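Here's the structure, in structure tokens; my notes come after.
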Amino acid sequence: MQATDHLADSRYARMRWNTPLSEEHAALLLRRLDVRPGARVLDLGCGWGELLLRAVTAGGVSGALATRGVGVDTDDAALARGRRSAADRSLDRHVAFVTGEAAAWQEAADRVLCVGSAHAFGGTGGALDALATVVRPGGRLLFGDAFWERPPTPDTEEIFGPEVTDLPGLVEVARERGWRVLHLSTADQREWDDFESTWLAGRQEWLLTYPEDPRAADIRAELDERLRQYVGGYRGVLGLAYLVLGR
Ligand SMILES: C[S@@+](CC[C@H](N)C(=O)[O-])C[C@H]1O[C@@H](n2cnc3c(N)ncnc32)[C@H](O)[C@@H]1O
């Protein structure tokens with residue numbers, strides 16, 4: 001029997017989802033996504049699929065018109081958490097979590113989510129091209145992607161890469177690819193601070209519990225560097241936009 005790895009378990013333990021997003025904001029996005037009874041919902045780069053589970057629930061899972069969902073990700077630990085959450089909510093017959101490359105998925109759906117996962121398609125433009133092939137005609141896409149709220153310093157730009165653009169640029173990339181913007185909103189500062197804090201918190205707590213663990217020094221250095229980069233670099237500079245798109 002494998003020993004419990006408290007460090008691995010702690011990594012995302014304090015996060016509701018892996019994106020800067022409040023409960024209220026998530027509820028708004030799901031309303032705008034407008035999942036209908038009987039819809040097929042697909043989440044590419046789903047992580048542990050919390051938004052996917054809520055989208056399927058919003059569509060309704062009883063009767064002949066039950067909504068069904070599929071989440072695809074390369075992170076087996078995240079997918080295992082998704083399966084546990086689905087089972088806890090009696091959604092395991094309605095939602096499947098599949099290990100795979102997001103860009104290789106071909107089965108189209110009525111509602112598609114791709115939040116914080118454009119890098120799995122090589123970036124924003126590649127993602128919006130590829131996602132057009134998996135959204136059924138008349139369907140909708142919830143696309144969450146980064147943009148510059150303010151011009152980054154060269155060091156900050158290097159962390160996130162040259163493809164990140166400003167918000168008008170992001171909207172233009174979508175328009176050029178034939179998408180219509182049905183909804184647009186952005187993460188606010190409190191959502192970002194909560195995201196960054198909860199991203200760190202699982203392992204901060206682990207460090208406080210297991211300070212003598214041989215891995216502690218490396219983890220401490222990694223978390224310190226991330227917090228430095230955030231407060232000293234991309235806080236208030238990197239934004240996260242949520243677009244509900246149709247075509
Ligand atoms: C920032 S997280 C967002 C997760 C989720 N969409 C959410 O909002 O909680 C990005 C996810 O993309 C996944 N990912 C990265 N590369 C991938 C790939 N090539 N194919 C599928 N998933 C990938 C990661 O494992 C991670 O779960």
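By convention in this document, the chains of the structure tokens carry letters A, B, ... by their order, each chain's residues are numbered from 1, and ligands are numbered from 1 in the order they are shown.
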
I'd like the neighbourhood of Arg180 (chain A) as a compact mmCIF listing (two decimals) with C-alpha atoms, in the first residue's frame, where a residue qualifies if any of its atoms comes within 12 Å (using only C-alpha atoms), though same-chain residues fewer than 5 positions away should be ignored.
```txt
# COMPACT_ATOMS: atom_id res chain seq x y z
CA LEU A 128 -9.85 29.62 -30.28
CA ALA A 132 -14.34 26.18 -32.93
CA GLY A 138 -25.45 27.18 -31.99
CA GLY A 139 -23.34 26.17 -29.00
CA ARG A 140 -21.37 28.29 -26.55
CA LEU A 141 -17.84 28.43 -25.25
CA LEU A 142 -16.73 29.72 -21.84
CA VAL A 171 -11.36 40.38 -27.96
CA GLU A 172 -9.97 41.01 -31.44
CA VAL A 173 -8.33 37.57 -31.57
CA ALA A 174 -11.76 36.05 -30.86
CA ARG A 175 -13.56 38.26 -33.39
CA LEU A 243 -15.64 35.39 -22.39
CA VAL A 244 -18.79 33.51 -23.27
CA LEU A 245 -18.50 33.08 -27.01
CA GLY A 246 -20.85 31.83 -29.70
CA ARG A 247 -20.60 31.33 -33.43
```

For chain A against ligand 1, with a cut-off of 6 Å and counting only C-alpha atoms and all ligand atoms, what is the closest atom pair and its distance in Å to one decimal for every residue that makes the cut, ordered by chain and number, as a tab-separated table?
```
residue	atom	partner	partner_atom_place_in_ligand_line	distance
A:Trp17	CA	ligand 1	9 (O)	3.9
A:Asn18	CA	ligand 1	9 (O)	3.6
A:Thr19	CA	ligand 1	8 (O)	5.0
A:Gly45	CA	ligand 1	22 (N)	3.7
A:Cys46	CA	ligand 1	6 (N)	4.1
A:Gly47	CA	ligand 1	27 (O)	3.4
A:Val72	CA	ligand 1	21 (C)	6.0
A:Asp73	CA	ligand 1	22 (N)	3.7
A:Thr74	CA	ligand 1	22 (N)	4.6
A:Asp75	CA	ligand 1	25 (O)	4.6
A:Gly100	CA	ligand 1	21 (C)	5.9
A:Glu101	CA	ligand 1	20 (N)	3.6
A:Ala102	CA	ligand 1	20 (N)	3.9
A:Cys114	CA	ligand 1	6 (N)	5.9
A:Val115	CA	ligand 1	6 (N)	4.3
A:Gly116	CA	ligand 1	1 (C)	4.4
A:Ser117	CA	ligand 1	12 (O)	4.5
A:Ala120	CA	ligand 1	19 (N)	4.1
```

Problem - Residue set, region 64-194 of chain A restricted to strand (DSSP E or B), as number ranges by chain - result: A: 68-73, 95-99, 109-115, 135-148, 166, 180-186

Those same residues - C-alpha atoms - I'd like them written as an mmCIF file, in the first residue's frame.
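result_1.cif, freshly written:
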```cif
data_model
loop_
_atom_site.group_PDB
_atom_site.id
_atom_site.type_symbol
_atom_site.label_atom_id
_atom_site.label_comp_id
_atom_site.auth_asym_id
_atom_site.auth_seq_id
_atom_site.Cartn_x
_atom_site.Cartn_y
_atom_site.Cartn_z
ATOM 1 C CA ARG A 68 -23.838 14.966 -19.443
ATOM 2 C CA GLY A 69 -20.282 16.153 -19.175
ATOM 3 C CA VAL A 70 -16.725 15.160 -20.045
ATOM 4 C CA GLY A 71 -13.588 16.693 -18.577
ATOM 5 C CA VAL A 72 -10.196 16.208 -20.218
ATOM 6 C CA ASP A 73 -6.851 16.929 -18.588
ATOM 7 C CA VAL A 95 -19.703 13.211 -15.801
ATOM 8 C CA ALA A 96 -16.607 11.383 -17.062
ATOM 9 C CA PHE A 97 -13.046 12.524 -16.391
ATOM 10 C CA VAL A 98 -10.629 11.462 -19.116
ATOM 11 C CA THR A 99 -6.838 11.567 -19.178
ATOM 12 C CA ALA A 109 -20.425 19.399 -27.441
ATOM 13 C CA ASP A 110 -23.168 21.985 -26.938
ATOM 14 C CA ARG A 111 -21.293 23.836 -24.212
ATOM 15 C CA VAL A 112 -17.507 23.883 -23.967
ATOM 16 C CA LEU A 113 -15.353 25.242 -21.163
ATOM 17 C CA CYS A 114 -11.703 26.141 -21.535
ATOM 18 C CA VAL A 115 -10.592 28.170 -18.532
ATOM 19 C CA VAL A 135 -18.480 23.559 -30.227
ATOM 20 C CA ARG A 136 -21.611 22.361 -32.005
ATOM 21 C CA PRO A 137 -23.420 24.877 -34.239
ATOM 22 C CA GLY A 138 -25.447 27.180 -31.988
ATOM 23 C CA GLY A 139 -23.339 26.167 -29.001
ATOM 24 C CA ARG A 140 -21.372 28.292 -26.545
ATOM 25 C CA LEU A 141 -17.838 28.430 -25.247
ATOM 26 C CA LEU A 142 -16.730 29.719 -21.842
ATOM 27 C CA PHE A 143 -13.178 30.860 -22.483
ATOM 28 C CA GLY A 144 -11.001 32.106 -19.619
ATOM 29 C CA ASP A 145 -7.714 33.604 -20.672
ATOM 30 C CA ALA A 146 -5.008 35.980 -19.509
ATOM 31 C CA PHE A 147 -4.446 39.525 -20.743
ATOM 32 C CA TRP A 148 -2.351 42.511 -19.650
ATOM 33 C CA ASP A 166 -4.274 43.538 -23.750
ATOM 34 C CA ARG A 180 -19.255 36.555 -31.163
ATOM 35 C CA VAL A 181 -18.865 37.841 -27.591
ATOM 36 C CA LEU A 182 -22.032 37.031 -25.632
ATOM 37 C CA HIS A 183 -20.502 37.966 -22.292
ATOM 38 C CA LEU A 184 -17.270 39.528 -21.050
ATOM 39 C CA SER A 185 -16.076 40.018 -17.474
ATOM 40 C CA THR A 186 -12.703 40.078 -15.780
#
```

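Considering the residues A:Ala241, A:Ala130, A:Ala216, A:Leu51 and counting only C-alpha atoms, Leu170 (chain A) has its shortest atom-to-atom contact with A:Ala241.
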
Problem - Contact residues around Ala66 (chain A) with only C-alpha atoms at 9 Å, ignoring same-chain residues under 2 positions, as a PyMOL selection string - result: chain A and resi 37-39+56+59-64+68+94

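On the backbone of this structure, DSSP gives alpha helix (DSSP H) within region 7-56 of chain A to Leu7, Ala8, Asp9, Ser10, Glu23, Glu24, His25, Ala26, Ala27, Leu28, Leu29, Leu30, Arg31, Arg32, Leu33, Glu50, Leu51, Leu52, Leu53, Arg54, Ala55 and Val56 of chain A.
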
Fill in the blank from the handout: note - CA of Gly233 (chain A) and CA of Glu205 (chain A) are separated by 24.2 Å

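Proximity of A:Glu50, A:Asp188, A:Glu163, A:Asp213 to Gly122 (chain A), computed with only C-alpha atoms, is greatest for A:Glu163.
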
Contacts of Arg14 (chain A) at 7 Å (only C-alpha atoms; same-chain gap of 5+ positions) as a CSV table (one decimal) with N, CA and C atoms, in the first residue's frame:
```
chain,number,residue,atom,x,y,z
A,198,THR,N,-4.7,31.1,-2.2
A,198,THR,CA,-5.1,29.7,-2.1
A,198,THR,C,-4.2,28.7,-2.9
A,201,ALA,N,-1.6,28.4,-0.3
A,201,ALA,CA,-2.0,28.0,1.0
A,201,ALA,C,-1.8,26.5,1.4
A,202,GLY,N,-2.1,25.7,0.5
A,202,GLY,CA,-2.0,24.2,0.8
A,202,GLY,C,-0.6,23.9,1.2
```

Handout entry: A:Leu33, A:Arg228, A:Glu222, A:Leu200 ranked by distance to Leu52 (chain A), top pick (using only C-alpha atoms)
Key = A:Leu33

Practice task
Might you pull out every residue within 12 Å of Thr156 (chain A), with only C-alpha atoms counted and same-chain residues fewer than 5 positions away left off, and present them as a ChimeraX atom specification?
Solution key: /A:148,150-151,161-162,164,226,228-238

Problem - Non-local contacts of His6 (chain A) (12 Å; only C-alpha atoms; under 4 positions in same chain excluded) as an MDAnalysis selection string - result: chainID A and resid 2 10:13 202:203 205:207 209:210 213 215

Since we have the selection now, will you write its residues out, keeping all heavy atoms, as a short mmCIF file (atom, residue, chain, number, x, y, z; two decimals), in the first residue's frame?
```
data_model
loop_
_atom_site.label_atom_id
_atom_site.label_comp_id
_atom_site.auth_asym_id
_atom_site.auth_seq_id
_atom_site.Cartn_x
_atom_site.Cartn_y
_atom_site.Cartn_z
N GLN A 2 0.49 2.23 -0.84
CA GLN A 2 1.32 3.43 -0.97
C GLN A 2 1.13 4.35 0.24
O GLN A 2 0.01 4.56 0.71
CB GLN A 2 0.90 4.18 -2.23
CG GLN A 2 2.06 4.92 -2.84
CD GLN A 2 1.64 5.54 -4.16
OE1 GLN A 2 0.61 5.19 -4.73
NE2 GLN A 2 2.42 6.47 -4.63
N SER A 10 -1.53 18.25 -0.55
CA SER A 10 -1.76 19.63 -0.09
C SER A 10 -1.79 20.64 -1.23
O SER A 10 -2.32 21.73 -1.09
CB SER A 10 -0.65 20.05 0.89
OG SER A 10 0.57 20.24 0.21
N ARG A 11 -1.22 20.26 -2.39
CA ARG A 11 -0.90 21.25 -3.43
C ARG A 11 -2.07 22.17 -3.79
O ARG A 11 -1.95 23.37 -3.79
CB ARG A 11 -0.36 20.54 -4.67
CG ARG A 11 0.14 21.53 -5.68
CD ARG A 11 0.75 20.88 -6.90
NE ARG A 11 1.07 21.92 -7.85
CZ ARG A 11 2.27 22.44 -8.05
NH1 ARG A 11 3.30 21.98 -7.40
NH2 ARG A 11 2.44 23.41 -8.92
N TYR A 12 -3.19 21.59 -4.17
CA TYR A 12 -4.33 22.41 -4.58
C TYR A 12 -5.46 22.36 -3.55
O TYR A 12 -6.59 22.74 -3.84
CB TYR A 12 -4.88 21.93 -5.93
CG TYR A 12 -3.87 22.04 -7.06
CD1 TYR A 12 -3.40 20.90 -7.71
CD2 TYR A 12 -3.39 23.28 -7.48
CE1 TYR A 12 -2.49 21.00 -8.75
CE2 TYR A 12 -2.47 23.38 -8.51
CZ TYR A 12 -2.02 22.24 -9.15
OH TYR A 12 -1.11 22.35 -10.16
N ALA A 13 -5.13 21.87 -2.35
CA ALA A 13 -6.18 21.54 -1.38
C ALA A 13 -7.04 22.73 -1.00
O ALA A 13 -8.22 22.57 -0.67
CB ALA A 13 -5.55 20.92 -0.14
N GLY A 202 -2.13 25.66 0.46
CA GLY A 202 -2.03 24.23 0.76
C GLY A 202 -0.63 23.87 1.19
O GLY A 202 -0.40 23.20 2.22
N ARG A 203 0.34 24.35 0.41
CA ARG A 203 1.72 24.01 0.73
C ARG A 203 2.31 24.89 1.84
O ARG A 203 3.21 24.47 2.56
CB ARG A 203 2.58 24.02 -0.54
CG ARG A 203 2.30 22.76 -1.37
CD ARG A 203 3.07 22.75 -2.66
NE ARG A 203 2.63 23.83 -3.53
CZ ARG A 203 3.30 24.22 -4.62
NH1 ARG A 203 4.43 23.62 -4.94
NH2 ARG A 203 2.83 25.18 -5.38
N GLU A 205 0.63 25.56 4.49
CA GLU A 205 0.19 24.80 5.67
C GLU A 205 1.03 23.54 5.85
O GLU A 205 1.36 23.16 6.97
CB GLU A 205 -1.31 24.48 5.54
CG GLU A 205 -2.17 25.73 5.68
CD GLU A 205 -3.64 25.54 5.30
OE1 GLU A 205 -4.05 24.39 5.05
OE2 GLU A 205 -4.35 26.54 5.25
N TRP A 206 1.36 22.89 4.72
CA TRP A 206 2.22 21.70 4.79
C TRP A 206 3.56 22.06 5.40
O TRP A 206 4.07 21.33 6.27
CB TRP A 206 2.39 21.11 3.38
CG TRP A 206 3.31 19.93 3.33
CD1 TRP A 206 3.00 18.62 3.56
CD2 TRP A 206 4.73 19.96 3.08
NE1 TRP A 206 4.12 17.82 3.45
CE2 TRP A 206 5.20 18.64 3.16
CE3 TRP A 206 5.64 20.97 2.79
CZ2 TRP A 206 6.54 18.29 2.94
CZ3 TRP A 206 6.98 20.64 2.58
CH2 TRP A 206 7.41 19.32 2.67
N LEU A 207 4.13 23.20 4.97
CA LEU A 207 5.44 23.63 5.51
C LEU A 207 5.37 23.84 7.02
O LEU A 207 6.32 23.50 7.75
CB LEU A 207 5.86 24.95 4.87
CG LEU A 207 6.56 24.89 3.52
CD1 LEU A 207 6.77 26.30 2.99
CD2 LEU A 207 7.89 24.15 3.64
N THR A 209 3.38 22.34 9.03
CA THR A 209 3.16 21.06 9.70
C THR A 209 4.40 20.16 9.64
O THR A 209 4.67 19.41 10.57
CB THR A 209 1.97 20.32 9.05
OG1 THR A 209 0.87 21.23 8.95
CG2 THR A 209 1.53 19.12 9.87
N TYR A 210 5.13 20.23 8.51
CA TYR A 210 6.28 19.33 8.32
C TYR A 210 7.56 20.14 8.03
O TYR A 210 8.20 19.95 6.99
CB TYR A 210 6.02 18.38 7.15
CG TYR A 210 4.77 17.54 7.31
CD1 TYR A 210 3.58 17.89 6.67
CD2 TYR A 210 4.78 16.40 8.11
CE1 TYR A 210 2.42 17.13 6.82
CE2 TYR A 210 3.62 15.64 8.27
CZ TYR A 210 2.46 16.00 7.62
OH TYR A 210 1.33 15.25 7.78
N ASP A 213 10.73 18.17 6.96
CA ASP A 213 10.72 17.29 5.79
C ASP A 213 11.89 17.68 4.87
O ASP A 213 12.16 18.87 4.69
CB ASP A 213 9.39 17.45 5.04
CG ASP A 213 9.21 16.42 3.94
OD1 ASP A 213 9.89 16.54 2.88
OD2 ASP A 213 8.40 15.50 4.13
N ARG A 215 12.08 17.91 1.85
CA ARG A 215 11.66 18.72 0.69
C ARG A 215 11.30 20.16 1.08
O ARG A 215 11.02 21.00 0.23
CB ARG A 215 10.44 18.06 0.01
CG ARG A 215 10.74 16.67 -0.54
CD ARG A 215 9.48 15.91 -0.89
NE ARG A 215 8.69 15.58 0.30
CZ ARG A 215 7.56 14.88 0.29
NH1 ARG A 215 7.09 14.41 -0.85
NH2 ARG A 215 6.90 14.64 1.41
#
```

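Comparing the minimum interatomic distances between Ala77 (chain A) and each of A:Gly49, A:Arg31, A:Glu157, A:Arg177, counting only C-alpha atoms, we find that A:Gly49 sits nearest.
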
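As for CA of Glu107 (chain A) and CA of Val134 (chain A), they are spaced 6.2 Å apart.
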
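In this structure, CA of Trp48 (chain A) sits 21.7 Å away from CA of Arg32 (chain A).
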